[in-house]
Amino acid sequence: MSTPQPVRTGIAGLGRTGWHNHAGAISRLPELFTIVAASDPMEERRAEARDRFRCATYPDIHGMLDDPGVELVVVGTPSHLHPQHAISALKAGKDVLVDKPMASSTAEADEMIRTAAACGRKLAVFHNFTLTGHCQKVFSIVRSGILGR
């Protein structure tokens, strides 16, 4: 039986969330993930990623989406861009982890979900409190169906 290879990950957005929440966490799990690409409009952020992770860098997400070495895209760009960037990544054949908020409307979230299904890709939303008791209670209520779909 072969050892699973780490998921080749690209991070879109190297601001506070992309750098500290995502790049920091991913870099501590080298057996599961390896950062192979990053995108950000600021050259100094890209340079820091190149130096730290020895990865390819791009001034925008679209260049990174063309990189065949990227399997998973972490969307840590400004919140209003989450739906657009996640949908673009899904259509490019990448799995997506999108930071919260997923979208600004239910319609945007539904479009993201439909796109993932149509493209046969995985879509997940990152929330750094998902294992806390109060979040688990909310999840339990939502799964119960008492609130509807």
# chains A, B, ... in the order shown; residues from 1 in each chain; ligands from 1
$ residues_around --residues "segment 59-67 of chain A" --least-positions-apart "3" --cutoff "6 Å" --atoms "only C-alpha atoms" --output "ChimeraX atom specification"
/A:12,39-41,70
$ select_by_dssp --residues "segment 77-110 of chain A" --states "strand (DSSP E or B)" --output "MDAnalysis selection string"
chainID A and resid 95:99
$ write_last_selection --atoms "N, CA and C atoms" --output "PDB file, in the first residue's frame"
ATOM      1  N   ASP A  95     -10.408  21.497  -6.338  1.00  0.00           N
ATOM      2  CA  ASP A  95     -11.236  21.472  -5.145  1.00  0.00           C
ATOM      3  C   ASP A  95     -11.014  22.803  -4.438  1.00  0.00           C
ATOM      4  N   VAL A  96     -11.981  23.213  -3.599  1.00  0.00           N
ATOM      5  CA  VAL A  96     -11.925  24.552  -3.006  1.00  0.00           C
ATOM      6  C   VAL A  96     -12.251  24.513  -1.519  1.00  0.00           C
ATOM      7  N   LEU A  97     -11.423  25.228  -0.769  1.00  0.00           N
ATOM      8  CA  LEU A  97     -11.714  25.570   0.618  1.00  0.00           C
ATOM      9  C   LEU A  97     -11.847  27.079   0.625  1.00  0.00           C
ATOM     10  N   VAL A  98     -13.045  27.575   0.899  1.00  0.00           N
ATOM     11  CA  VAL A  98     -13.290  29.015   0.881  1.00  0.00           C
ATOM     12  C   VAL A  98     -13.446  29.513   2.308  1.00  0.00           C
ATOM     13  N   ASP A  99     -12.821  30.644   2.597  1.00  0.00           N
ATOM     14  CA  ASP A  99     -12.912  31.207   3.928  1.00  0.00           C
ATOM     15  C   ASP A  99     -14.320  31.750   4.161  1.00  0.00           C
TER      16      ASP A  99
END
$ closest_residue --among "A:Ala25, A:Ala117, A:Val74, A:Ile146" --to "Lys91 of chain A" --atoms "only C-alpha atoms"
A:Ala117
$ residues_around --residues "Ala38 of chain A" --least-positions-apart "6" --cutoff "9 Å" --atoms "only C-alpha atoms" --output "CSV table (one decimal) with C-alpha atoms, in the first residue's frame"
chain,number,residue,atom,x,y,z
A,9,THR,CA,-2.4,23.5,-2.4
A,10,GLY,CA,-2.6,27.0,-3.8
A,11,ILE,CA,-3.5,29.9,-1.6
A,12,ALA,CA,-5.4,32.8,-3.1
A,13,GLY,CA,-4.9,36.0,-1.0
A,14,LEU,CA,-2.0,36.4,1.3
A,46,ARG,CA,4.3,37.0,-3.2
A,49,ALA,CA,5.6,33.2,0.0
A,50,ARG,CA,8.3,32.3,-2.6
A,55,CYS,CA,6.3,27.9,-4.4
A,56,ALA,CA,5.1,29.5,-7.6
A,57,THR,CA,3.4,32.8,-7.2
A,58,TYR,CA,0.9,34.8,-9.3
A,59,PRO,CA,-0.3,38.4,-9.2
A,60,ASP,CA,-3.9,37.1,-9.5
A,61,ILE,CA,-5.9,34.0,-8.9
A,64,MET,CA,-2.7,30.2,-10.3
$ closest_residue --among "A:Gly69, A:Gly24, A:Pro30, A:Gly15" --to "Glu43 of chain A" --atoms "only C-alpha atoms"
A:Gly15
$ select_by_dssp --residues "segment 13-126 of chain A" --states "alpha helix (DSSP H)" --output "PyMOL selection string"
chain A and resi 16+24-27+43-53+61-65+82-91+106-119
$ closest_residue --among "A:Ala37, A:His20, A:Val125, A:Arg8" --to "Glu71 of chain A" --atoms "only C-alpha atoms"
A:Arg8
$ closest_residue --among "A:Gly133, A:Gly93, A:Pro68, A:Gly76" --to "Ala116 of chain A" --atoms "only C-alpha atoms"
A:Gly93
$ closest_residue --among "A:Val7, A:Ile26, A:Ile141, A:Ile35" --to "Lys94 of chain A" --atoms "only C-alpha atoms"
A:Val7
$ closest_residue --among "A:Arg28, A:Glu44, A:Ile87, A:Thr77" --to "Ala118 of chain A" --atoms "only C-alpha atoms"
A:Ile87
